[in-house]
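Trainee: model-v7.cif (mmCIF, C-alpha atoms and all ligand atoms) pasted underneath:
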```cif
data_query
loop_
_atom_site.label_atom_id
_atom_site.label_comp_id
_atom_site.auth_asym_id
_atom_site.auth_seq_id
_atom_site.Cartn_x
_atom_site.Cartn_y
_atom_site.Cartn_z
CA MET F 5 0.00 0.00 0.00
CA ALA F 6 1.11 3.57 -0.63
CA SER F 7 1.71 6.42 1.79
CA ILE F 8 -0.14 9.71 2.22
CA VAL F 9 1.74 13.01 2.56
CA LEU F 10 0.26 15.83 4.66
CA PHE F 11 1.58 19.12 3.31
CA GLY F 12 1.25 22.75 4.34
CA PRO F 13 2.89 25.66 6.15
CA PRO F 14 3.91 25.47 9.81
CA GLY F 15 0.79 25.52 11.97
CA ALA F 16 -1.56 24.70 9.07
CA GLY F 17 -3.01 21.81 11.07
CA LYS F 18 -1.03 18.84 9.73
CA GLY F 19 -0.67 17.19 13.15
CA THR F 20 -4.28 17.98 14.05
CA GLN F 21 -5.62 16.47 10.83
CA ALA F 22 -3.23 13.52 11.04
CA ALA F 23 -5.20 12.32 14.08
CA ILE F 24 -8.44 12.40 12.02
CA ILE F 25 -6.92 10.64 9.01
CA MET F 26 -5.21 8.01 11.20
CA ALA F 27 -8.53 7.18 12.83
CA GLU F 28 -10.08 6.68 9.38
CA THR F 29 -7.26 4.88 7.54
CA GLY F 30 -5.32 3.14 10.32
CA LEU F 31 -2.05 4.42 8.85
CA PRO F 32 0.60 5.30 11.46
CA GLN F 33 1.62 8.98 11.61
CA VAL F 34 5.28 9.66 10.85
CA SER F 35 6.20 13.22 11.80
CA THR F 36 9.81 14.26 11.21
CA GLY F 37 9.30 17.20 13.61
CA ASP F 38 8.19 14.79 16.39
CA MET F 39 11.10 12.46 15.64
CA LEU F 40 13.59 15.34 15.86
CA ARG F 41 12.05 16.61 19.12
CA ALA F 42 12.24 13.09 20.57
CA ALA F 43 15.93 12.86 19.58
CA LEU F 44 16.53 16.25 21.17
CA GLY F 45 14.73 15.17 24.35
CA GLN F 46 16.94 12.08 24.56
CA GLY F 47 20.05 14.21 24.10
CA SER F 48 21.20 12.07 21.15
CA SER F 49 23.85 13.37 18.74
CA LEU F 50 21.19 13.63 16.03
CA GLY F 51 19.03 15.77 18.31
CA LEU F 52 21.94 18.03 19.19
CA GLU F 53 22.81 18.41 15.50
CA ALA F 54 19.20 19.36 14.67
CA LYS F 55 18.70 21.75 17.61
CA SER F 56 20.20 24.94 16.17
CA PHE F 57 18.32 24.55 12.87
CA MET F 58 15.00 24.00 14.63
CA GLU F 59 15.49 26.92 16.99
CA ALA F 60 16.30 29.19 14.05
CA GLY F 61 13.27 28.01 12.05
CA LYS F 62 15.56 26.54 9.36
CA LEU F 63 15.38 23.12 7.77
CA VAL F 64 17.53 20.35 9.21
CA PRO F 65 19.92 19.13 6.44
CA ASP F 66 18.42 16.71 3.91
CA SER F 67 21.01 14.00 4.63
CA ILE F 68 19.92 13.76 8.28
CA ILE F 69 16.20 13.78 7.52
CA ILE F 70 16.38 11.30 4.65
CA GLY F 71 18.38 8.86 6.82
CA LEU F 72 15.81 9.21 9.59
CA ILE F 73 12.89 8.48 7.24
CA LYS F 74 14.63 5.56 5.52
CA ASN F 75 15.08 3.86 8.90
CA ARG F 76 11.55 4.64 10.05
CA LEU F 77 9.95 3.24 6.88
CA GLN F 78 11.73 -0.07 7.45
CA GLU F 79 9.87 -0.65 10.70
CA ASN F 80 7.12 -3.28 10.74
CA ASP F 81 4.20 -0.90 11.25
CA ALA F 82 5.18 0.99 8.06
CA SER F 83 4.79 -1.98 5.75
CA ASN F 84 1.29 -0.95 4.64
CA GLY F 85 2.16 2.71 4.16
CA VAL F 86 2.30 5.65 6.56
CA LEU F 87 0.88 9.12 7.01
CA LEU F 88 3.81 11.49 6.47
CA ASP F 89 3.52 14.75 8.43
CA GLY F 90 6.13 17.42 7.69
CA PHE F 91 8.08 15.31 5.20
CA PRO F 92 9.11 15.82 2.43
CA ARG F 93 10.02 19.51 2.71
CA THR F 94 12.50 19.87 -0.16
CA VAL F 95 12.69 18.51 -3.70
CA ALA F 96 15.71 16.40 -2.63
CA GLN F 97 13.59 14.82 0.12
CA ALA F 98 10.72 14.17 -2.32
CA GLU F 99 13.12 12.52 -4.78
CA ALA F 100 14.54 10.33 -2.01
CA LEU F 101 11.03 9.36 -0.91
CA MET F 102 10.09 8.40 -4.47
CA GLU F 103 12.94 5.86 -4.46
CA ILE F 104 11.75 4.06 -1.33
CA GLU F 105 7.98 4.51 -1.10
CA GLU F 106 4.95 4.95 -3.34
CA VAL F 107 2.94 8.11 -2.62
CA GLU F 108 -0.84 7.80 -2.99
CA VAL F 109 -1.58 11.51 -2.63
CA VAL F 110 -0.19 14.76 -1.22
CA LEU F 111 -2.94 16.45 0.81
CA SER F 112 -2.19 20.14 1.15
CA ILE F 113 -3.81 22.20 3.93
CA GLU F 114 -3.86 25.75 2.57
CA VAL F 115 -3.77 28.49 5.22
CA PRO F 116 -2.79 32.14 4.63
CA ASP F 117 0.31 33.42 6.46
CA GLU F 118 -1.67 35.90 8.56
CA ARG F 119 -3.53 33.03 10.27
CA ILE F 120 -0.39 31.04 11.02
CA ILE F 121 1.05 33.20 13.80
CA GLU F 122 -2.13 33.10 15.91
CA ARG F 123 -2.41 29.34 15.42
CA ILE F 124 1.19 28.63 16.40
CA CYS F 125 1.46 31.07 19.29
CA GLY F 126 -1.68 29.60 20.92
CA ARG F 127 -0.65 25.96 20.53
CA TYR F 128 -0.03 23.55 23.41
CA SER F 129 0.03 19.77 23.54
CA CYS F 130 -0.03 16.77 25.82
CA PRO F 131 3.48 15.46 26.58
CA GLN F 132 2.08 11.97 27.16
CA CYS F 133 -0.12 11.22 24.11
CA GLY F 134 0.78 14.13 21.79
CA ALA F 135 -2.79 15.49 21.44
CA VAL F 136 -2.65 19.07 20.11
CA TYR F 137 -4.75 21.95 21.52
CA HIS F 138 -5.12 25.70 21.07
CA ASP F 139 -5.81 28.44 23.63
CA SER F 140 -8.80 29.78 21.65
CA PHE F 141 -9.63 27.41 18.78
CA ASN F 142 -9.36 24.01 20.46
CA PRO F 143 -8.84 24.27 24.23
CA THR F 144 -8.80 21.33 26.64
CA THR F 145 -12.13 20.94 28.46
CA SER F 146 -10.47 21.16 31.84
CA GLU F 147 -7.47 23.48 32.17
CA ASP F 148 -4.10 21.72 31.97
CA THR F 149 -5.61 18.20 31.65
CA CYS F 150 -5.57 16.24 28.39
CA ASP F 151 -9.05 15.37 27.05
CA ASN F 152 -7.60 12.31 25.33
CA CYS F 153 -5.53 10.59 28.06
CA SER F 154 -6.27 12.64 31.23
CA HIS F 155 -2.58 13.48 31.71
CA HIS F 156 -2.12 16.57 33.85
CA GLY F 157 0.30 19.26 32.65
CA MET F 158 0.50 20.51 29.07
CA LYS F 159 3.63 21.70 27.24
CA ARG F 160 4.49 24.39 24.69
CA ARG F 161 7.15 24.06 21.99
CA ALA F 162 10.36 26.10 22.20
CA ASP F 163 10.02 27.16 18.55
CA ASP F 164 6.42 28.36 18.91
CA ASN F 165 7.20 32.05 19.18
CA GLU F 166 6.57 34.90 16.76
CA GLU F 167 10.21 35.36 15.76
CA THR F 168 10.81 31.70 14.87
CA VAL F 169 7.43 31.41 13.15
CA THR F 170 8.37 34.23 10.76
CA SER F 171 11.55 32.40 9.87
CA ARG F 172 9.69 29.06 9.51
CA LEU F 173 7.24 30.72 7.12
CA GLU F 174 10.07 32.16 5.02
CA THR F 175 11.68 28.73 4.90
CA TYR F 176 8.34 27.20 3.89
CA HIS F 177 7.82 29.61 0.98
CA SER F 178 11.37 29.40 -0.35
CA GLN F 179 12.19 25.70 0.12
CA THR F 180 9.00 23.71 0.67
CA ARG F 181 6.23 25.39 -1.34
CA PRO F 182 7.98 24.57 -4.67
CA LEU F 183 7.00 20.96 -3.94
CA ALA F 184 3.38 21.91 -4.72
CA ASP F 185 4.32 22.26 -8.41
CA TRP F 186 6.62 19.23 -8.24
CA TYR F 187 3.80 16.98 -7.01
CA SER F 188 1.16 18.67 -9.22
CA GLN F 189 3.25 17.77 -12.28
CA ARG F 190 3.06 14.14 -11.11
CA GLY F 191 -0.73 14.30 -10.59
CA LEU F 192 -0.45 13.73 -6.85
CA PHE F 193 -1.26 17.17 -5.35
CA GLN F 194 -4.69 17.86 -3.82
CA ALA F 195 -5.32 21.11 -1.94
CA VAL F 196 -8.07 21.87 0.57
CA ASP F 197 -8.99 25.17 2.22
CA GLY F 198 -7.47 24.98 5.71
CA ASP F 199 -8.82 28.36 6.82
CA ARG F 200 -11.93 26.81 8.35
CA ASN F 201 -12.68 24.99 11.58
CA ILE F 202 -10.91 21.70 12.33
CA GLU F 203 -13.94 19.49 11.61
CA SER F 204 -14.65 21.09 8.20
CA VAL F 205 -11.03 20.74 7.10
CA GLY F 206 -11.04 17.10 8.25
CA GLU F 207 -14.23 16.36 6.30
CA SER F 208 -12.72 17.84 3.13
CA LEU F 209 -9.52 15.83 3.48
CA LEU F 210 -11.44 12.58 4.02
CA LYS F 211 -13.67 13.40 1.04
CA VAL F 212 -10.62 13.81 -1.21
CA LEU F 213 -9.30 10.47 0.01
CA SER F 214 -12.54 8.57 -0.46
CA GLU F 215 -13.08 10.03 -3.96
CA LEU F 216 -9.55 9.07 -4.87
CA ARG F 217 -10.13 5.54 -3.64
CA GLY F 218 -13.50 5.32 -5.41
CA GLU F 219 -15.34 4.68 -2.14
P1 LIG B 1 7.40 20.43 12.56
O1 LIG B 1 7.22 19.89 13.91
O2 LIG B 1 7.04 19.60 11.40
O3 LIG B 1 6.66 21.83 12.51
P2 LIG B 1 5.83 22.56 11.34
O4 LIG B 1 5.83 22.05 9.98
O5 LIG B 1 6.32 23.92 11.49
O6 LIG B 1 4.40 22.24 11.66
P3 LIG B 1 3.74 22.35 13.02
O7 LIG B 1 3.92 21.10 13.80
O8 LIG B 1 4.20 23.63 13.65
O9 LIG B 1 2.22 22.59 12.63
P4 LIG B 1 1.06 21.65 12.13
O10 LIG B 1 0.78 21.92 10.68
O11 LIG B 1 1.26 20.22 12.52
O12 LIG B 1 -0.14 22.30 12.96
P5 LIG B 1 -0.94 21.77 14.25
O13 LIG B 1 -1.85 20.67 13.86
O14 LIG B 1 -0.03 21.55 15.39
O15 LIG B 1 8.91 20.89 12.36
C1 LIG B 1 9.61 21.61 13.35
C2 LIG B 1 11.03 21.85 12.85
O16 LIG B 1 11.71 20.59 12.66
C3 LIG B 1 11.14 22.57 11.50
O17 LIG B 1 11.09 23.99 11.66
C4 LIG B 1 12.52 22.08 11.03
O18 LIG B 1 13.56 22.77 11.69
C5 LIG B 1 12.54 20.64 11.50
N1 LIG B 1 12.01 19.68 10.50
C6 LIG B 1 10.88 18.91 10.62
N2 LIG B 1 10.71 18.17 9.52
C7 LIG B 1 11.72 18.48 8.68
C8 LIG B 1 12.05 18.06 7.36
N3 LIG B 1 11.31 17.17 6.67
N4 LIG B 1 13.16 18.60 6.78
C9 LIG B 1 13.94 19.47 7.45
N5 LIG B 1 13.66 19.93 8.70
C10 LIG B 1 12.56 19.43 9.30
O19 LIG B 1 -1.85 23.08 14.52
C11 LIG B 1 -1.28 24.28 14.98
C12 LIG B 1 -2.24 24.95 16.00
O20 LIG B 1 -3.41 25.39 15.32
C13 LIG B 1 -2.72 23.99 17.12
O21 LIG B 1 -2.81 24.72 18.31
C14 LIG B 1 -4.11 23.53 16.63
O22 LIG B 1 -4.97 23.23 17.73
C15 LIG B 1 -4.59 24.75 15.84
N6 LIG B 1 -5.41 24.38 14.69
C16 LIG B 1 -5.21 23.32 13.83
N7 LIG B 1 -6.15 23.34 12.87
C17 LIG B 1 -6.94 24.42 13.10
C18 LIG B 1 -8.09 24.98 12.44
N8 LIG B 1 -8.61 24.43 11.33
N9 LIG B 1 -8.64 26.11 12.96
C19 LIG B 1 -8.13 26.69 14.09
N10 LIG B 1 -7.04 26.20 14.76
C20 LIG B 1 -6.47 25.08 14.26
#
```
Mind turning this structure into structure tokens?

Mentor:
Amino acid sequence: MASIVLFGPPGAGKGTQAAIIMAETGLPQVSTGDMLRAALGQGSSLGLEAKSFMEAGKLVPDSIIIGLIKNRLQENDASNGVLLDGFPRTVAQAEALMEIEEVEVVLSIEVPDERIIERICGRYSCPQCGAVYHDSFNPTTSEDTCDNCSHHGMKRRADDNEETVTSRLETYHSQTRPLADWYSQRGLFQAVDGDRNIESVGESLLKVLSELRGE
């Protein structure tokens, strides 16, 4: 089976929608951002190498990311395809992916830049299960307690500040957005309007998938 790529600017809702698509398809989510943060948390050499790039809102070098993904896709749970979140982000990464994995579709969540800062600066998540929340748009029911796993104590990401977001957006437009044309030329790019509430965006993404699969 082939993999699905979730594409879009930082804060577009890739992680949020990944939860909805995983529930529907059963595909495991593979987020390069989460993998890098885990490596950083463990203090591994890979994490330390990635740290300065992440803090500056720059892309971690392709060689590191491609190695990470190649290893991850060899794991047992990836044998029927995965849901890629935040990868590929450069043409070199997309070319490397093409060599190792079939891509069913690239689902792009389109959100204008002016919305991104408010989304990212209000984000928090559960350190135990990874559920993602927002101060205004998607708050936990009870303050500081995860709705999904009841863990107490939420966390905020070090790179979720206005300065880094501006740099992440510049990086997105210069290095990642060109992939929209790259995948369009291969008939794999499908865009949905991400400037709507979470449920509506999720419905649109699932509709694209079911139409594609003739369901
Ligand atoms: P990564 O972790 O991938 O960050 P990102 O792409 O910047 O994406 P985010 O995780 O910030 O956002 P998201 O789209 O998942 O949005 P979310 O669902 O959380 O990467 C971090 C760094 O790692 C990069 O800067 C880079 O340095 C490095 N890196 C990672 N992958 C790499 C790669 N392949 N190559 C090189 N370097 C790499 O939603 C955001 C907020 O909005 C949440 O609070 C959510 O509740 C809210 N929200 C979501 N949807 C909606 C909606 N429809 N309406 C209102 N609010 C919403």

Trainee: Compare F:Gly51, F:Gly30, F:Gly198, F:Pro182 by their minimum atom-to-atom distance to ligand LIG 1 (chain B), counting all atoms listed in the file, and give me the closest one.

Mentor: F:Gly198

Trainee: Residues near F:Val110, anyone? I mean within 10 Å using only C-alpha atoms, not counting same-chain ones fewer than 4 positions away, as a PyMOL selection string.

Mentor: chain F and resi 7-12+88+183-184+187-188+191-195

Trainee: Name the residues in contact with F:Thr170 at a cut-off of 12 Å, using only C-alpha atoms, excluding same-chain residues fewer than 3 positions from it; report them as number ranges by chain.

Mentor: F: 13-15, 59-62, 117-122, 124-125, 163-167, 173-177

Trainee: Measuring atom to atom with all atoms listed in the file, identify which of F:Glu53, F:Asp199, F:Asp66, F:Asp81 is nearest to F:Glu99.

Mentor: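 Residue with the minimum atom-to-atom distance to F:Glu99: F:Asp66.
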
Trainee: Just checking: using only C-alpha atoms, which residue out of F:Gln21, F:Asn80, F:Gln132, F:Ser67 ends up closest to F:Val196?

Mentor: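 Using only C-alpha atoms, the shortest distance to F:Val196 belongs to F:Gln21.
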
Trainee: By how many Å are atom CA of F:Leu52 and atom CA of F:Arg161 apart?

Mentor: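 Interatomic distance, atom CA of F:Leu52 to atom CA of F:Arg161: 16.2 Å.
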
Trainee: Here is a test: counting all atoms listed in the file, which residue of F:Arg41, F:Arg127, F:Lys211, F:Lys74 is nearest to ligand LIG 1 (chain B)?

Mentor: F:Arg127

Trainee: Pick the closest to ligand LIG 1 (chain B) from F:Val212, F:Ile202, F:Leu111, F:Ile104: which is it, counting all atoms listed in the file?

Mentor: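 Nearest to ligand LIG 1 (chain B): F:Ile202.
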
Trainee: Here is a test: counting only C-alpha atoms and all ligand atoms, which residue of F:Ser48, F:Gln78, F:Ser35, F:Thr149 is nearest to ligand LIG 1 (chain B)?

Mentor: F:Ser35

Trainee: Give me, please, the distance in Å between atom CA of F:Val64 and atom CA of F:Phe91, quoted to one decimal.

Mentor: 11.4 Å

Trainee: Neighbouring residues of F:Gly37 were defined as those with any atom within 9 Å, considering all atoms listed in the file; residues of the same chain fewer than 2 positions away were excluded. Please report them as a PyMOL selection string.

Mentor: chain F and resi 34-35+39-42+58+89-91

Trainee: Got a sec: who's within 9 Å of F:Pro131, counting only C-alpha atoms, leaving out chain neighbours fewer than 2 positions off, as a VMD selection string?

Mentor: chain F and resid 129 133 to 135 155 157 to 159

Trainee: Could you list as a list in words every residue that has an atom within 6 Å of (2.7, 7.5, 8.2), using the file's coordinates and counting only C-alpha atoms?

Mentor: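 The residues near that point, listed by chain and number, are Leu31, Pro32, Gln33, Val34, Val86, Leu87 and Leu88 of chain F.
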
Trainee: At what distance in Å, to one decimal, does atom CA of F:Asp38 lie from atom C9 of ligand LIG 1 (chain B)?

Mentor: 11.6 Å

Trainee: Taking all atoms of stretch 65-82 of chain F that appear in the file, build a box with edges along x, y and z, extend it by 8 Å on every side, and state its centre and edge lengths in Å to one decimal, as lines of an AutoDock Vina configuration file.

Mentor:
```
center_x = 12.6
center_y = 7.9
center_z = 7.6
size_x = 32.8
size_y = 38.4
size_z = 23.3
```

Trainee: Complete the atom set of stretch 168-191 of chain F to N, CA, C and O atoms and return it as a PDB file, in the frame of the given file.

Mentor:
```pdb
ATOM      1  N   THR F 168      10.478  32.936  15.584  1.00  0.00           N
ATOM      2  CA  THR F 168      10.810  31.700  14.870  1.00  0.00           C
ATOM      3  C   THR F 168       9.749  31.368  13.817  1.00  0.00           C
ATOM      4  O   THR F 168      10.068  30.857  12.749  1.00  0.00           O
ATOM      5  N   VAL F 169       8.492  31.708  14.117  1.00  0.00           N
ATOM      6  CA  VAL F 169       7.430  31.410  13.150  1.00  0.00           C
ATOM      7  C   VAL F 169       7.677  32.184  11.847  1.00  0.00           C
ATOM      8  O   VAL F 169       7.514  31.636  10.753  1.00  0.00           O
ATOM      9  N   THR F 170       8.097  33.432  11.960  1.00  0.00           N
ATOM     10  CA  THR F 170       8.370  34.230  10.760  1.00  0.00           C
ATOM     11  C   THR F 170       9.442  33.553   9.919  1.00  0.00           C
ATOM     12  O   THR F 170       9.321  33.424   8.696  1.00  0.00           O
ATOM     13  N   SER F 171      10.478  33.072  10.587  1.00  0.00           N
ATOM     14  CA  SER F 171      11.550  32.400   9.870  1.00  0.00           C
ATOM     15  C   SER F 171      11.062  31.064   9.274  1.00  0.00           C
ATOM     16  O   SER F 171      11.413  30.712   8.134  1.00  0.00           O
ATOM     17  N   ARG F 172      10.226  30.333  10.028  1.00  0.00           N
ATOM     18  CA  ARG F 172       9.690  29.060   9.510  1.00  0.00           C
ATOM     19  C   ARG F 172       8.825  29.303   8.272  1.00  0.00           C
ATOM     20  O   ARG F 172       8.831  28.508   7.327  1.00  0.00           O
ATOM     21  N   LEU F 173       8.075  30.414   8.286  1.00  0.00           N
ATOM     22  CA  LEU F 173       7.240  30.720   7.120  1.00  0.00           C
ATOM     23  C   LEU F 173       8.098  31.070   5.899  1.00  0.00           C
ATOM     24  O   LEU F 173       7.799  30.649   4.782  1.00  0.00           O
ATOM     25  N   GLU F 174       9.174  31.821   6.139  1.00  0.00           N
ATOM     26  CA  GLU F 174      10.070  32.160   5.020  1.00  0.00           C
ATOM     27  C   GLU F 174      10.683  30.888   4.436  1.00  0.00           C
ATOM     28  O   GLU F 174      10.770  30.705   3.226  1.00  0.00           O
ATOM     29  N   THR F 175      11.095  30.012   5.343  1.00  0.00           N
ATOM     30  CA  THR F 175      11.680  28.730   4.900  1.00  0.00           C
ATOM     31  C   THR F 175      10.653  27.940   4.098  1.00  0.00           C
ATOM     32  O   THR F 175      10.962  27.354   3.055  1.00  0.00           O
ATOM     33  N   TYR F 176       9.405  27.927   4.584  1.00  0.00           N
ATOM     34  CA  TYR F 176       8.340  27.200   3.890  1.00  0.00           C
ATOM     35  C   TYR F 176       8.185  27.725   2.460  1.00  0.00           C
ATOM     36  O   TYR F 176       8.184  26.952   1.497  1.00  0.00           O
ATOM     37  N   HIS F 177       8.074  29.057   2.323  1.00  0.00           N
ATOM     38  CA  HIS F 177       7.820  29.610   0.980  1.00  0.00           C
ATOM     39  C   HIS F 177       9.006  29.390   0.042  1.00  0.00           C
ATOM     40  O   HIS F 177       8.813  29.114  -1.140  1.00  0.00           O
ATOM     41  N   SER F 178      10.220  29.502   0.561  1.00  0.00           N
ATOM     42  CA  SER F 178      11.370  29.400  -0.350  1.00  0.00           C
ATOM     43  C   SER F 178      11.761  27.950  -0.654  1.00  0.00           C
ATOM     44  O   SER F 178      12.124  27.626  -1.778  1.00  0.00           O
ATOM     45  N   GLN F 179      11.650  27.046   0.348  1.00  0.00           N
ATOM     46  CA  GLN F 179      12.190  25.700   0.120  1.00  0.00           C
ATOM     47  C   GLN F 179      11.140  24.601   0.001  1.00  0.00           C
ATOM     48  O   GLN F 179      11.378  23.590  -0.650  1.00  0.00           O
ATOM     49  N   THR F 180       9.987  24.799   0.639  1.00  0.00           N
ATOM     50  CA  THR F 180       9.000  23.710   0.670  1.00  0.00           C
ATOM     51  C   THR F 180       7.865  23.911  -0.330  1.00  0.00           C
ATOM     52  O   THR F 180       7.443  22.973  -1.008  1.00  0.00           O
ATOM     53  N   ARG F 181       7.379  25.147  -0.453  1.00  0.00           N
ATOM     54  CA  ARG F 181       6.230  25.390  -1.340  1.00  0.00           C
ATOM     55  C   ARG F 181       6.486  24.930  -2.785  1.00  0.00           C
ATOM     56  O   ARG F 181       5.562  24.464  -3.457  1.00  0.00           O
ATOM     57  N   PRO F 182       7.741  25.056  -3.305  1.00  0.00           N
ATOM     58  CA  PRO F 182       7.980  24.570  -4.670  1.00  0.00           C
ATOM     59  C   PRO F 182       7.570  23.114  -4.881  1.00  0.00           C
ATOM     60  O   PRO F 182       7.322  22.680  -6.004  1.00  0.00           O
ATOM     61  N   LEU F 183       7.434  22.360  -3.810  1.00  0.00           N
ATOM     62  CA  LEU F 183       7.000  20.960  -3.940  1.00  0.00           C
ATOM     63  C   LEU F 183       5.553  20.857  -4.432  1.00  0.00           C
ATOM     64  O   LEU F 183       5.152  19.809  -4.950  1.00  0.00           O
ATOM     65  N   ALA F 184       4.776  21.936  -4.242  1.00  0.00           N
ATOM     66  CA  ALA F 184       3.380  21.910  -4.720  1.00  0.00           C
ATOM     67  C   ALA F 184       3.382  21.690  -6.236  1.00  0.00           C
ATOM     68  O   ALA F 184       2.638  20.844  -6.756  1.00  0.00           O
ATOM     69  N   ASP F 185       4.228  22.422  -6.952  1.00  0.00           N
ATOM     70  CA  ASP F 185       4.320  22.260  -8.410  1.00  0.00           C
ATOM     71  C   ASP F 185       4.908  20.891  -8.753  1.00  0.00           C
ATOM     72  O   ASP F 185       4.458  20.219  -9.679  1.00  0.00           O
ATOM     73  N   TRP F 186       5.916  20.508  -7.984  1.00  0.00           N
ATOM     74  CA  TRP F 186       6.620  19.230  -8.240  1.00  0.00           C
ATOM     75  C   TRP F 186       5.630  18.065  -8.173  1.00  0.00           C
ATOM     76  O   TRP F 186       5.597  17.210  -9.044  1.00  0.00           O
ATOM     77  N   TYR F 187       4.781  18.071  -7.144  1.00  0.00           N
ATOM     78  CA  TYR F 187       3.800  16.980  -7.010  1.00  0.00           C
ATOM     79  C   TYR F 187       2.612  17.163  -7.956  1.00  0.00           C
ATOM     80  O   TYR F 187       2.029  16.173  -8.413  1.00  0.00           O
ATOM     81  N   SER F 188       2.246  18.434  -8.250  1.00  0.00           N
ATOM     82  CA  SER F 188       1.160  18.670  -9.220  1.00  0.00           C
ATOM     83  C   SER F 188       1.531  18.081 -10.578  1.00  0.00           C
ATOM     84  O   SER F 188       0.708  17.456 -11.254  1.00  0.00           O
ATOM     85  N   GLN F 189       2.788  18.298 -10.982  1.00  0.00           N
ATOM     86  CA  GLN F 189       3.250  17.770 -12.280  1.00  0.00           C
ATOM     87  C   GLN F 189       3.149  16.247 -12.321  1.00  0.00           C
ATOM     88  O   GLN F 189       3.071  15.643 -13.381  1.00  0.00           O
ATOM     89  N   ARG F 190       3.146  15.611 -11.178  1.00  0.00           N
ATOM     90  CA  ARG F 190       3.060  14.140 -11.110  1.00  0.00           C
ATOM     91  C   ARG F 190       1.630  13.677 -10.803  1.00  0.00           C
ATOM     92  O   ARG F 190       1.398  12.494 -10.523  1.00  0.00           O
ATOM     93  N   GLY F 191       0.685  14.633 -10.793  1.00  0.00           N
ATOM     94  CA  GLY F 191      -0.730  14.300 -10.590  1.00  0.00           C
ATOM     95  C   GLY F 191      -1.073  13.841  -9.185  1.00  0.00           C
ATOM     96  O   GLY F 191      -2.074  13.150  -8.971  1.00  0.00           O
TER      97      GLY F 191
END
```
